[in-house]
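Pasted below: work.cif, mmCIF, C-alpha atoms and all ligand atoms.
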```cif
data_protein
#
loop_
_atom_site.label_atom_id
_atom_site.label_comp_id
_atom_site.auth_asym_id
_atom_site.auth_seq_id
_atom_site.Cartn_x
_atom_site.Cartn_y
_atom_site.Cartn_z
CA GLN A 9 111.98 124.57 136.92
CA ASP A 10 111.62 121.81 139.55
CA GLN A 11 108.23 121.38 141.21
CA PRO A 12 108.04 119.94 144.73
CA PRO A 13 106.98 116.31 144.20
CA ASP A 14 103.94 116.55 146.47
CA GLN A 15 102.61 119.39 144.36
CA ALA A 16 102.94 117.86 140.93
CA ARG A 17 102.23 114.16 140.75
CA ASN A 18 102.99 113.86 137.03
CA VAL A 19 106.41 115.34 137.75
CA ASP A 20 106.73 112.98 140.69
CA ALA A 21 105.62 110.00 138.61
CA ALA A 22 108.09 110.73 135.82
CA PRO A 23 111.33 108.74 135.83
CA HIS A 24 114.25 110.46 137.54
CA GLY A 25 115.49 113.39 135.47
CA GLN A 26 112.21 113.73 133.56
CA ALA A 27 110.74 116.61 135.59
CA GLU A 28 111.63 118.99 132.77
CA ALA A 29 109.58 116.90 130.36
CA ALA A 30 106.53 117.19 132.64
CA ALA A 31 106.81 120.97 132.57
CA ARG A 32 106.84 121.10 128.76
CA ARG A 33 103.83 122.58 126.97
CA VAL A 34 102.50 122.04 123.48
CA PRO A 35 100.61 125.24 122.57
CA PHE A 36 96.88 124.59 122.41
CA HIS A 37 96.08 127.65 120.28
CA GLY A 38 97.03 128.05 116.64
CA PRO A 39 95.74 127.75 113.08
CA HIS A 40 95.54 123.95 113.45
CA GLN A 41 94.93 121.68 116.41
CA ALA A 42 97.93 120.23 118.21
CA GLY A 43 98.42 116.45 118.30
CA ILE A 44 98.53 116.03 114.53
CA THR A 45 101.85 117.38 113.23
CA THR A 46 103.33 118.04 116.69
CA PRO A 47 105.89 115.45 117.87
CA ARG A 48 104.28 112.27 119.17
CA PRO A 49 104.97 111.73 122.88
CA ALA A 50 105.21 108.27 124.47
CA ASN A 51 101.56 107.78 125.40
CA GLY A 52 98.15 108.22 123.84
CA ILE A 53 94.47 107.49 124.28
CA LEU A 54 91.93 107.53 121.51
CA ALA A 55 88.42 107.83 122.95
CA THR A 56 85.15 108.23 121.08
CA PHE A 57 81.85 109.46 122.43
CA ASP A 58 78.20 109.63 121.58
CA LEU A 59 76.78 113.10 122.08
CA VAL A 60 73.59 113.91 123.96
CA LEU A 61 72.45 117.16 122.36
CA GLY A 62 69.05 118.72 121.90
CA THR A 63 69.87 121.95 120.13
CA LEU A 64 72.61 123.88 118.39
CA ASP A 65 72.96 125.87 121.64
CA ASP A 66 73.81 122.60 123.45
CA PHE A 67 76.42 121.85 120.79
CA GLN A 68 77.97 125.29 121.20
CA ARG A 69 78.01 124.96 125.00
CA MET A 70 79.64 121.51 124.72
CA LEU A 71 82.37 122.86 122.42
CA GLN A 72 82.99 125.87 124.67
CA LEU A 73 83.30 123.69 127.77
CA LEU A 74 85.57 121.22 125.99
CA THR A 75 87.78 124.08 124.82
CA GLN A 76 88.02 125.49 128.37
CA ARG A 77 88.99 122.11 129.81
CA ALA A 78 91.57 121.49 127.05
CA GLU A 79 93.03 124.97 127.61
CA PHE A 80 93.51 124.26 131.31
CA LEU A 81 94.76 120.69 130.90
CA THR A 82 97.34 121.54 128.23
CA ALA A 83 98.63 124.62 130.10
CA GLY A 84 98.58 123.07 133.60
CA GLY A 85 98.06 124.91 136.86
CA PRO A 86 96.69 124.56 140.39
CA VAL A 87 93.56 122.51 140.95
CA PRO A 88 90.87 124.59 142.70
CA GLN A 89 90.41 123.47 146.30
CA ARG A 90 86.79 122.92 147.34
CA ASP A 91 84.86 122.53 150.53
CA PRO A 92 85.57 118.91 151.58
CA LYS A 93 81.84 118.36 151.98
CA LEU A 94 81.65 118.56 148.16
CA PRO A 95 83.20 116.23 145.59
CA PRO A 96 86.71 117.42 144.72
CA ALA A 97 87.25 119.45 141.55
CA ASP A 98 89.20 116.69 139.83
CA SER A 99 90.25 113.03 140.13
CA GLY A 100 93.36 114.00 142.11
CA LEU A 101 95.49 111.69 139.92
CA LEU A 102 98.13 114.37 139.40
CA GLY A 103 98.05 116.02 142.80
CA PRO A 104 97.17 119.67 143.56
CA MET A 105 99.34 121.08 140.74
CA VAL A 106 98.82 119.79 137.22
CA SER A 107 101.83 119.84 134.91
CA PRO A 108 101.22 120.10 131.15
CA ASP A 109 103.49 117.10 130.39
CA ASN A 110 103.30 117.76 126.63
CA LEU A 111 99.58 116.97 126.69
CA THR A 112 97.61 117.51 123.51
CA VAL A 113 93.83 117.18 123.25
CA THR A 114 92.67 116.79 119.64
CA VAL A 115 88.95 116.95 118.91
CA ALA A 116 87.28 115.50 115.81
CA LEU A 117 83.69 114.95 114.69
CA GLY A 118 82.19 111.77 113.25
CA ASP A 119 79.84 111.28 110.33
CA SER A 120 76.98 110.18 112.64
CA LEU A 121 76.82 113.63 114.24
CA PHE A 122 76.26 115.37 110.91
CA GLU A 123 73.77 112.70 109.81
CA ARG A 124 71.68 112.92 113.00
CA GLN A 125 71.57 116.61 113.87
CA PRO A 126 69.24 118.61 111.59
CA TRP A 127 71.00 121.87 112.45
CA LEU A 128 74.23 120.53 110.92
CA SER A 129 72.58 119.47 107.69
CA GLY A 130 74.50 120.52 104.58
CA LEU A 131 77.63 121.31 106.61
CA LYS A 132 79.39 117.93 106.62
CA PRO A 133 83.03 118.00 105.42
CA ALA A 134 83.08 116.84 101.80
CA ARG A 135 84.88 113.51 102.34
CA LEU A 136 83.53 112.56 105.79
CA GLN A 137 81.73 109.20 105.72
CA ARG A 138 81.02 106.17 107.89
CA MET A 139 83.82 103.62 107.88
CA VAL A 140 82.82 100.46 106.02
CA GLN A 141 84.23 96.97 106.39
CA PHE A 142 87.31 96.09 104.32
CA ARG A 143 87.85 92.48 103.26
CA ASN A 144 90.22 91.45 106.07
CA ASP A 145 88.24 93.25 108.79
CA ALA A 146 86.39 91.58 111.66
CA LEU A 147 84.87 94.74 113.06
CA ASP A 148 83.40 94.71 116.55
CA PRO A 149 80.51 97.22 116.53
CA ALA A 150 81.39 98.15 120.13
CA LEU A 151 84.78 99.42 118.87
CA CYS A 152 83.58 101.42 115.87
CA HIS A 153 82.50 104.97 114.99
CA GLY A 154 81.29 107.70 117.38
CA ASP A 155 79.92 111.25 117.13
CA LEU A 156 83.16 112.69 118.51
CA SER A 157 86.72 111.48 118.92
CA ILE A 158 89.22 112.91 121.35
CA GLN A 159 92.89 111.99 121.08
CA PHE A 160 94.92 112.57 124.25
CA CYS A 161 98.72 112.38 123.93
CA ALA A 162 101.27 113.06 126.70
CA ASN A 163 104.58 111.93 128.14
CA LEU A 164 102.87 109.89 130.85
CA GLN A 165 99.80 107.70 130.56
CA ASP A 166 98.61 109.12 133.92
CA THR A 167 98.38 112.53 132.25
CA CYS A 168 96.24 111.16 129.39
CA LEU A 169 93.97 109.35 131.85
CA TYR A 170 93.69 112.44 134.03
CA ALA A 171 92.64 114.51 131.01
CA LEU A 172 90.09 111.91 129.90
CA ARG A 173 88.55 111.76 133.39
CA ASP A 174 88.48 115.55 133.58
CA VAL A 175 86.58 115.74 130.29
CA LEU A 176 84.17 112.97 131.34
CA LYS A 177 83.48 114.70 134.67
CA ASN A 178 83.04 118.21 133.29
CA LEU A 179 81.07 117.27 130.17
CA SER A 180 78.97 114.41 131.61
CA GLU A 181 75.85 116.27 130.51
CA PHE A 182 76.84 115.94 126.85
CA LEU A 183 79.25 113.02 126.38
CA VAL A 184 78.80 109.26 126.70
CA LEU A 185 82.01 107.27 126.29
CA ARG A 186 81.62 104.81 123.41
CA TRP A 187 85.03 103.10 123.25
CA MET A 188 88.65 103.90 123.97
CA VAL A 189 92.07 102.41 123.32
CA GLU A 190 95.23 103.23 125.27
CA GLY A 191 98.53 103.08 123.42
CA SER A 192 102.21 103.82 123.82
CA VAL A 193 105.36 104.07 121.75
CA PRO A 194 108.98 103.77 122.77
CA PRO A 195 110.49 107.28 123.00
CA GLU A 196 112.18 108.39 119.78
CA LEU A 197 115.64 109.51 120.91
CA PRO A 198 118.70 110.46 118.83
CA GLY A 199 121.24 107.63 118.46
CA PRO A 200 125.04 107.92 118.56
CA ASP A 201 125.12 109.12 114.92
CA GLY A 202 122.75 112.02 115.75
CA THR A 203 119.81 110.64 113.75
CA THR A 204 116.56 109.66 115.47
CA PRO A 205 115.36 106.17 114.60
CA SER A 206 111.62 105.55 114.31
CA ALA A 207 109.94 103.63 117.13
CA ARG A 208 109.18 99.96 116.55
CA ASN A 209 105.70 98.45 116.30
CA PHE A 210 104.74 95.14 117.96
CA LEU A 211 105.86 93.20 114.89
CA GLY A 212 109.38 94.46 115.66
CA PHE A 213 109.75 96.79 112.64
CA ARG A 214 110.52 100.48 112.61
CA ASP A 215 107.25 102.32 111.93
CA GLY A 216 107.15 105.85 110.49
CA SER A 217 110.35 105.73 108.40
CA ALA A 218 108.70 107.01 105.21
CA ASN A 219 106.32 109.44 106.86
CA PRO A 220 106.25 112.91 105.30
CA ASP A 221 108.21 115.51 107.28
CA ALA A 222 105.74 116.96 109.82
CA THR A 223 107.93 120.06 110.25
CA ASP A 224 107.60 120.93 106.55
CA ALA A 225 104.66 123.40 106.60
CA ALA A 226 104.20 123.38 102.83
CA ALA A 227 104.06 119.58 102.75
CA MET A 228 101.56 119.55 105.62
CA ASP A 229 99.37 122.11 103.80
CA ARG A 230 99.29 119.73 100.85
CA ILE A 231 99.01 116.38 102.67
CA VAL A 232 97.32 116.97 106.04
CA TRP A 233 95.28 120.20 106.26
CA THR A 234 91.94 120.62 104.52
CA GLY A 235 91.25 123.58 102.27
CA GLY A 236 90.08 124.43 98.80
CA LYS A 237 86.70 124.99 97.29
CA ASP A 238 85.50 121.38 97.71
CA GLU A 239 85.33 121.78 101.46
CA PRO A 240 82.90 124.02 103.34
CA GLU A 241 84.63 127.25 104.37
CA TRP A 242 84.20 126.46 108.10
CA ALA A 243 86.29 123.28 107.71
CA HIS A 244 89.44 124.88 106.30
CA GLY A 245 92.48 124.12 108.45
CA GLY A 246 91.08 120.85 109.79
CA SER A 247 92.14 117.31 108.92
CA TYR A 248 90.58 113.90 108.33
CA GLN A 249 91.45 111.33 110.97
CA ALA A 250 91.38 107.62 110.06
CA VAL A 251 91.51 105.39 113.13
CA ARG A 252 91.91 101.62 112.94
CA ILE A 253 92.36 99.20 115.82
CA ILE A 254 94.46 96.47 114.20
CA ARG A 255 95.22 93.30 116.16
CA ASN A 256 98.67 91.84 115.51
CA LEU A 257 98.77 88.02 115.52
CA VAL A 258 102.11 88.12 117.26
CA GLU A 259 102.44 84.40 118.11
CA ARG A 260 102.11 83.49 114.41
CA TRP A 261 104.46 86.35 113.41
CA ASP A 262 107.13 85.23 115.88
CA ARG A 263 107.18 81.79 114.20
CA THR A 264 107.64 83.31 110.71
CA PRO A 265 111.14 83.25 109.16
CA LEU A 266 112.94 86.58 109.32
CA ARG A 267 113.45 86.72 105.54
CA GLU A 268 109.70 86.27 105.00
CA GLN A 269 108.87 88.98 107.54
CA GLU A 270 111.18 91.36 105.70
CA ARG A 271 109.68 90.54 102.31
CA ILE A 272 106.17 91.10 103.71
CA PHE A 273 107.07 94.67 104.71
CA GLY A 274 109.75 95.34 102.05
CA ARG A 275 112.21 96.47 104.73
CA MET A 276 115.04 95.04 106.81
CA LYS A 277 114.04 94.29 110.38
CA HIS A 278 117.24 95.35 112.14
CA ASN A 279 117.63 98.84 110.67
CA GLY A 280 114.41 99.50 108.73
CA ALA A 281 116.29 100.04 105.44
CA PRO A 282 114.46 99.19 102.19
CA LEU A 283 115.35 95.78 100.73
CA ASP A 284 117.13 97.27 97.71
CA ALA A 285 119.67 99.02 99.96
CA PRO A 286 119.83 96.77 103.05
CA ASP A 287 122.88 98.44 104.57
CA SER A 288 121.59 101.98 104.14
CA SER A 289 119.10 103.39 106.62
CA GLU A 290 115.36 103.61 107.14
CA ARG A 291 115.37 107.07 105.46
CA HIS A 292 116.76 105.71 102.17
CA THR A 293 114.31 105.95 99.27
CA PRO A 294 113.65 102.61 97.52
CA ASP A 295 114.10 102.56 93.73
CA TYR A 296 111.20 100.48 92.43
CA ALA A 297 111.80 101.54 88.83
CA ALA A 298 115.07 99.56 88.95
CA ASP A 299 113.14 96.48 90.16
CA PRO A 300 110.09 96.31 87.84
CA GLU A 301 109.44 92.57 88.42
CA GLY A 302 109.71 92.78 92.20
CA GLU A 303 112.75 90.51 92.47
CA THR A 304 114.24 92.51 95.36
CA THR A 305 111.15 94.16 96.79
CA PRO A 306 108.09 92.00 96.10
CA MET A 307 105.32 93.80 94.21
CA ASN A 308 102.97 92.95 97.11
CA ALA A 309 105.31 94.12 99.88
CA HIS A 310 103.45 96.39 102.32
CA ILE A 311 105.48 99.52 101.55
CA ARG A 312 105.40 98.99 97.79
CA LEU A 313 101.63 98.60 97.72
CA ALA A 314 101.07 101.47 100.18
CA ASN A 315 103.29 103.83 98.20
CA PRO A 316 104.55 102.66 94.79
CA ARG A 317 106.38 106.01 94.57
CA THR A 318 105.01 106.98 91.16
CA PRO A 319 104.01 110.56 90.32
CA ASP A 320 100.38 109.42 90.60
CA SER A 321 100.77 107.98 94.11
CA GLN A 322 101.81 111.40 95.48
CA LYS A 323 98.14 112.23 95.93
CA ASN A 324 97.71 109.27 98.31
CA LEU A 325 100.16 110.49 100.97
CA MET A 326 99.10 110.72 104.61
CA LEU A 327 100.73 111.38 107.97
CA ARG A 328 100.72 108.30 110.20
CA ARG A 329 100.90 108.83 113.98
CA PRO A 330 100.07 105.44 115.49
CA PHE A 331 100.52 103.91 118.95
CA ASN A 332 101.11 100.30 119.95
CA TYR A 333 98.52 98.80 122.28
CA SER A 334 98.74 95.82 124.61
CA ARG A 335 95.63 94.75 126.48
CA GLY A 336 96.70 91.57 128.28
CA ALA A 337 95.57 88.11 127.20
CA MET A 338 92.57 86.94 125.22
CA LYS A 339 90.32 84.08 126.37
CA ASN A 340 91.98 81.77 123.83
CA GLY A 341 95.41 82.26 125.43
CA GLN A 342 96.76 84.63 122.77
CA LEU A 343 98.23 88.05 123.49
CA ASP A 344 95.89 90.96 122.76
CA GLN A 345 98.37 93.31 121.09
CA GLY A 346 98.24 95.52 118.05
CA LEU A 347 98.47 98.88 116.40
CA LEU A 348 96.22 101.83 117.19
CA PHE A 349 96.62 103.15 113.65
CA ILE A 350 95.90 106.88 113.34
CA ALA A 351 96.45 108.66 110.03
CA TRP A 352 95.81 112.30 109.14
CA GLN A 353 95.10 113.60 105.66
CA ALA A 354 93.55 116.46 103.72
CA ASP A 355 91.47 114.05 101.67
CA LEU A 356 90.21 110.86 103.33
CA GLU A 357 89.32 109.17 100.03
CA ALA A 358 92.63 109.88 98.29
CA GLY A 359 94.54 109.14 101.50
CA PHE A 360 93.56 106.32 103.86
CA ILE A 361 90.73 104.78 101.83
CA ALA A 362 92.69 104.59 98.55
CA VAL A 363 95.78 103.18 100.29
CA GLN A 364 93.75 100.60 102.25
CA GLU A 365 92.18 99.48 98.97
CA LYS A 366 95.68 98.97 97.51
CA LEU A 367 96.67 96.99 100.63
CA ASN A 368 93.62 94.68 100.43
CA GLY A 369 94.91 91.12 99.93
CA GLU A 370 98.50 91.91 100.96
CA PRO A 371 100.53 89.08 102.59
CA LEU A 372 100.58 91.02 105.89
CA GLU A 373 96.85 90.23 106.23
CA GLU A 374 97.73 86.75 107.51
CA TYR A 375 99.18 88.44 110.61
CA ILE A 376 96.79 91.33 111.29
CA LYS A 377 93.08 91.69 112.00
CA PRO A 378 91.39 95.12 112.02
CA ILE A 379 88.72 94.99 114.73
CA GLY A 380 87.53 98.59 115.04
CA GLY A 381 88.00 102.27 114.32
CA GLY A 382 86.25 105.05 112.49
CA TYR A 383 86.63 108.19 110.41
CA PHE A 384 86.51 111.64 111.97
CA PHE A 385 87.14 115.24 111.01
CA ALA A 386 89.50 117.21 113.28
CA LEU A 387 88.18 120.73 113.76
CA PRO A 388 90.33 123.66 112.62
CA GLY A 389 92.60 125.20 115.27
CA VAL A 390 91.41 127.76 117.79
CA GLN A 391 92.71 131.20 118.75
CA PRO A 392 92.73 132.58 122.32
CA GLY A 393 89.27 133.84 123.32
CA ASP A 394 87.55 131.65 120.74
CA TYR A 395 86.38 128.03 121.02
CA LEU A 396 86.89 124.85 118.99
CA GLY A 397 84.34 124.48 116.21
CA SER A 398 83.09 128.09 116.37
CA SER A 399 83.27 128.33 112.56
CA LEU A 400 80.89 125.35 112.29
CA VAL A 401 78.46 126.76 114.87
CA ASN A 402 78.45 130.13 113.09
CA ALA A 403 77.85 128.45 109.73
CA ALA A 404 74.98 126.45 111.27
CA ARG A 405 73.42 129.64 112.64
CA ARG A 406 73.60 131.24 109.20
CA SER A 407 72.07 128.27 107.37
C1 LIG A 501 95.88 102.17 104.89
C2 LIG A 501 96.99 102.55 105.43
C3 LIG A 501 97.87 101.67 106.24
C4 LIG A 501 97.55 100.72 107.18
C5 LIG A 501 96.19 100.30 107.65
C6 LIG A 501 98.78 100.18 107.66
C7 LIG A 501 98.90 99.18 108.63
C8 LIG A 501 100.09 98.73 109.16
N1 LIG A 501 101.36 99.13 108.83
C9 LIG A 501 102.27 98.44 109.58
C10 LIG A 501 103.66 98.56 109.52
C11 LIG A 501 104.38 99.36 108.63
N2 LIG A 501 103.87 100.22 107.73
C12 LIG A 501 104.90 100.81 107.03
C13 LIG A 501 104.78 101.76 106.03
C14 LIG A 501 103.58 102.29 105.57
N3 LIG A 501 102.32 101.91 105.91
C15 LIG A 501 101.39 102.69 105.26
C16 LIG A 501 100.01 102.61 105.35
C17 LIG A 501 99.30 101.74 106.17
N4 LIG A 501 99.80 100.83 107.03
C18 LIG A 501 102.13 103.61 104.47
C19 LIG A 501 101.51 104.70 103.61
C20 LIG A 501 103.47 103.36 104.65
C21 LIG A 501 104.64 104.10 103.99
C22 LIG A 501 105.02 103.50 102.69
C23 LIG A 501 106.12 104.28 102.03
O1 LIG A 501 105.92 105.49 101.80
O2 LIG A 501 107.15 103.70 101.72
C24 LIG A 501 106.13 100.29 107.53
C25 LIG A 501 107.53 100.65 107.02
C26 LIG A 501 108.15 101.82 107.72
C27 LIG A 501 107.40 103.12 107.58
O3 LIG A 501 107.55 103.83 106.60
O4 LIG A 501 106.63 103.40 108.48
C28 LIG A 501 105.83 99.40 108.52
C29 LIG A 501 106.78 98.58 109.36
C30 LIG A 501 101.55 97.57 110.43
C31 LIG A 501 102.19 96.63 111.43
C32 LIG A 501 100.22 97.74 110.17
C33 LIG A 501 99.05 97.10 110.77
C34 LIG A 501 99.02 96.49 111.90
FE FE A 502 101.85 100.40 107.25
#
```
Please lay out the structure from this file as structure tokens.
Ligand SMILES: C=CC1=C(C)c2cc3[nH]c(cc4nc(cc5[nH]c(cc1n2)c(C)c5CCC(=O)O)C(CCC(=O)O)=C4C)c(C)c3C=C
Ligand SMILES: [Fe+2]
Amino acid sequence: QDQPPDQARNVDAAPHGQAEAAARRVPFHGPHQAGITTPRPANGILATFDLVLGTLDDFQRMLQLLTQRAEFLTAGGPVPQRDPKLPPADSGLLGPMVSPDNLTVTVALGDSLFERQPWLSGLKPARLQRMVQFRNDALDPALCHGDLSIQFCANLQDTCLYALRDVLKNLSEFLVLRWMVEGSVPPELPGPDGTTPSARNFLGFRDGSANPDATDAAAMDRIVWTGGKDEPEWAHGGSYQAVRIIRNLVERWDRTPLREQERIFGRMKHNGAPLDAPDSSERHTPDYAADPEGETTPMNAHIRLANPRTPDSQKNLMLRRPFNYSRGAMKNGQLDQGLLFIAWQADLEAGFIAVQEKLNGEPLEEYIKPIGGGYFFALPGVQPGDYLGSSLVNAARRS
């Protein structure tokens, strides 16, 4: 239903005909948090925070407040009007009526929180650890780690920024912003043949072609959601988040022959098809068994290293949900562009870490430079009336 433009700025700000998109909601409540297997909208922010907490009560209060703000932001509604002698209730970025705009707010905890807070001792998810440097990394400490990560995704970047500012304002007592990266992806829209091509990254290749099907609940239970006796009971239904800020050396890439670019990824640039079936489509499954020496798809091609498609490599699957970022120019005159890589998995070691170890030394390294990121654990989902992380707080009270 149309909103008057002066009442709903994120409807007003949307391109003509997009008002319906601004009114769309992604349910906040459920067995798992939204923003992981839900469709990726065009914009995202990954922000991490250091927490200022004295006691477990503070932690509980912080989680309750964060849940309340996320409930409001993802559902939308009128902004309370206050006495003008007081600061306004919000930033005003979206006007007096906030539209949900497909916003998701996904909350995850970092290793440092569990290591520092005595009342969380013994409750850390089994695979959560501090990200260490891989061989091609040039990590900037100011862009790494954090006690808490919040991923904001929405149709419009204004909506993500509004949500971030709302959280900063309402939780200023507990949260200190550590670093953040804003990203975007071209909208994934069905083409003339009815199929939906994956968005392209800043190296010009389709990204996401071989992702597992996020609508397949059984596959997600296996690949994305934590469970099983290895993990503490409170953590069931969560997911490990691997975040990497990966610069793309785009000037060097743009001077690289097309054939070489395609051999580096193992896919055709124009349609994303694997090299062994160049006229097929990005959804075609490559047949590496028919190419044991790597004559068609080099053995060190990115996709072949990342997923050799053997029975054994099934355990290394993950769900990638990245955004492109562009942050203007660097002092040396190069573009500051790259991939805000975000991957979700049930087992961080078998997923991201094992795959990154296989990718170490790949030819793509000449064109990319990881500069930051961290590992986090997304809390299980929340039901109405409850708050995010209540299972952890209850476990901490029992221990
Ligand atoms: C450790 C995990 C991975 C990192 C880091 C990574 C970085 C990275 N990837 C691209 C571009 C593409 N990646 C593609 C496929 C792909 N990548 C990973 C993992 C990491 N990538 C996996 C598991 C896969 C799927 C492999 C498969 O199952 O066949 C592709 C091909 C299209 C697709 O399936 O998405 C591209 C293109 C960049 C640019 C990058 C760092 C900047
Ligand atoms: Fe990749």
Exercise. In terms of the shortest atom-to-atom distance over all atoms listed in the file, which of A:Gly235, A:Pro104, A:Pro220, A:Pro39 is closest to Ala351 in chain A?
Worked result: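 When distances to Ala351 in chain A are compared using all atoms listed in the file, the smallest one comes from A:Pro220.
Atom pair CA of Gly85 in chain A / CA of Met105 in chain A: separated by 5.6 Å.
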Collect all residues with atoms no farther than 7 Å from ligand LIG 501 (chain A), counting all atoms listed in the file, and output them as an mmCIF file with C-alpha atoms, in the frame of the given file.
```
data_model
loop_
_atom_site.group_PDB
_atom_site.id
_atom_site.type_symbol
_atom_site.label_atom_id
_atom_site.label_comp_id
_atom_site.auth_asym_id
_atom_site.auth_seq_id
_atom_site.Cartn_x
_atom_site.Cartn_y
_atom_site.Cartn_z
ATOM 1 C CA ASN A 209 105.700 98.450 116.300
ATOM 2 C CA LEU A 211 105.860 93.200 114.890
ATOM 3 C CA PHE A 213 109.750 96.790 112.640
ATOM 4 C CA ARG A 214 110.520 100.480 112.610
ATOM 5 C CA ASP A 215 107.250 102.320 111.930
ATOM 6 C CA GLY A 216 107.150 105.850 110.490
ATOM 7 C CA SER A 217 110.350 105.730 108.400
ATOM 8 C CA ALA A 218 108.700 107.010 105.210
ATOM 9 C CA ASN A 219 106.320 109.440 106.860
ATOM 10 C CA ARG A 252 91.910 101.620 112.940
ATOM 11 C CA ILE A 254 94.460 96.470 114.200
ATOM 12 C CA ARG A 255 95.220 93.300 116.160
ATOM 13 C CA ASN A 256 98.670 91.840 115.510
ATOM 14 C CA PHE A 273 107.070 94.670 104.710
ATOM 15 C CA ARG A 275 112.210 96.470 104.730
ATOM 16 C CA GLY A 280 114.410 99.500 108.730
ATOM 17 C CA HIS A 310 103.450 96.390 102.320
ATOM 18 C CA ILE A 311 105.480 99.520 101.550
ATOM 19 C CA ARG A 312 105.400 98.990 97.790
ATOM 20 C CA ALA A 314 101.070 101.470 100.180
ATOM 21 C CA ASN A 315 103.290 103.830 98.200
ATOM 22 C CA LEU A 325 100.160 110.490 100.970
ATOM 23 C CA MET A 326 99.100 110.720 104.610
ATOM 24 C CA GLY A 346 98.240 95.520 118.050
ATOM 25 C CA LEU A 347 98.470 98.880 116.400
ATOM 26 C CA PHE A 349 96.620 103.150 113.650
ATOM 27 C CA PHE A 360 93.560 106.320 103.860
ATOM 28 C CA ILE A 361 90.730 104.780 101.830
ATOM 29 C CA VAL A 363 95.780 103.180 100.290
ATOM 30 C CA GLN A 364 93.750 100.600 102.250
ATOM 31 C CA LEU A 367 96.670 96.990 100.630
ATOM 32 C CA ILE A 376 96.790 91.330 111.290
#
```
For this session: Please indicate the distance in Å from CA of Tyr383 in chain A to CA of Gly212 in chain A, rounded to one decimal place.
Result: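 Between CA of Tyr383 in chain A and CA of Gly212 in chain A the gap is 27.1 Å.
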Exercise. Which of these, A:Arg328, A:Arg143, A:Arg33, A:His40, has the shortest distance to Ala386 in chain A once you count only C-alpha atoms?
Worked result: A:His40
Exercise. Which is closest to ligand FE 502 (chain A) among A:Val175, A:Thr305, A:Leu169, A:Ile350, if we use all atoms listed in the file?
Worked result: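 Using all atoms listed in the file, the shortest distance to ligand FE 502 (chain A) belongs to A:Ile350.
Close to (114.3, 108.9, 121.3), meaning no more than 12 Å away when counting all atoms listed in the file, sit the residues A:Pro47, A:Arg48, A:Pro49, A:Ala50, A:Val193, A:Pro194, A:Pro195, A:Glu196, A:Leu197, A:Pro198, A:Gly199, A:Pro200, A:Gly202, A:Thr203, A:Thr204, A:Pro205, A:Ser206, A:Ala207, A:Arg208.
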Problem set entry | Protein/DNA/RNA residues near (105.4, 116.8, 104.9), cut 12 Å, all atoms listed in the file, as a PyMOL selection string | chain A and resi 44-45+218-233+322+325-328+352-354
Problem set entry | Separation of CA of Asp174 in chain A from CA of Leu387 in chain A, in Å and rounded to one decimal |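 Distance reported for this atom pair: 20.5 Å.
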For this session: Identify, on the basis of all atoms listed in the file, every residue whose closest approach to Pro286 in chain A does not exceed 12 Å; exclude the query and any residue fewer than 3 positions from it along the same chain; express the result as a ChimeraX atom specification.
Result: /A:270-271,274-283,289-294,304-305
Resulting file, chosen residues, C-alpha atoms, as a compact mmCIF listing (two decimals), in the frame of the given file:
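Contents of result.txt, as written:
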```txt
# COMPACT_ATOMS: atom_id res chain seq x y z
CA GLU A 270 111.18 91.36 105.70
CA ARG A 271 109.68 90.54 102.31
CA GLY A 274 109.75 95.34 102.05
CA ARG A 275 112.21 96.47 104.73
CA MET A 276 115.04 95.04 106.81
CA LYS A 277 114.04 94.29 110.38
CA HIS A 278 117.24 95.35 112.14
CA ASN A 279 117.63 98.84 110.67
CA GLY A 280 114.41 99.50 108.73
CA ALA A 281 116.29 100.04 105.44
CA PRO A 282 114.46 99.19 102.19
CA LEU A 283 115.35 95.78 100.73
CA SER A 289 119.10 103.39 106.62
CA GLU A 290 115.36 103.61 107.14
CA ARG A 291 115.37 107.07 105.46
CA HIS A 292 116.76 105.71 102.17
CA THR A 293 114.31 105.95 99.27
CA PRO A 294 113.65 102.61 97.52
CA THR A 304 114.24 92.51 95.36
CA THR A 305 111.15 94.16 96.79
```
For this session: Rank A:Ala358, A:Ala30, A:Ile272, A:Ala337 by their smallest atom-to-atom distance to ligand FE 502 (chain A), using all atoms listed in the file, and report the top residue only.
Result: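 Among A:Ala358, A:Ala30, A:Ile272, A:Ala337, it is A:Ile272 that comes nearest to ligand FE 502 (chain A).
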Problem set entry | Contacts of Asn110 in chain A at 8 Å (only C-alpha atoms; same-chain gap of 3+ positions) as a PyMOL selection string | chain A and resi 29-34+49+82+161-163
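If you count all atoms listed in the file and ignore residues fewer than 6 places along the chain from Pro133 in chain A, what sits within 7 Å of it is Glu239, Pro240 and Ala243 of chain A.
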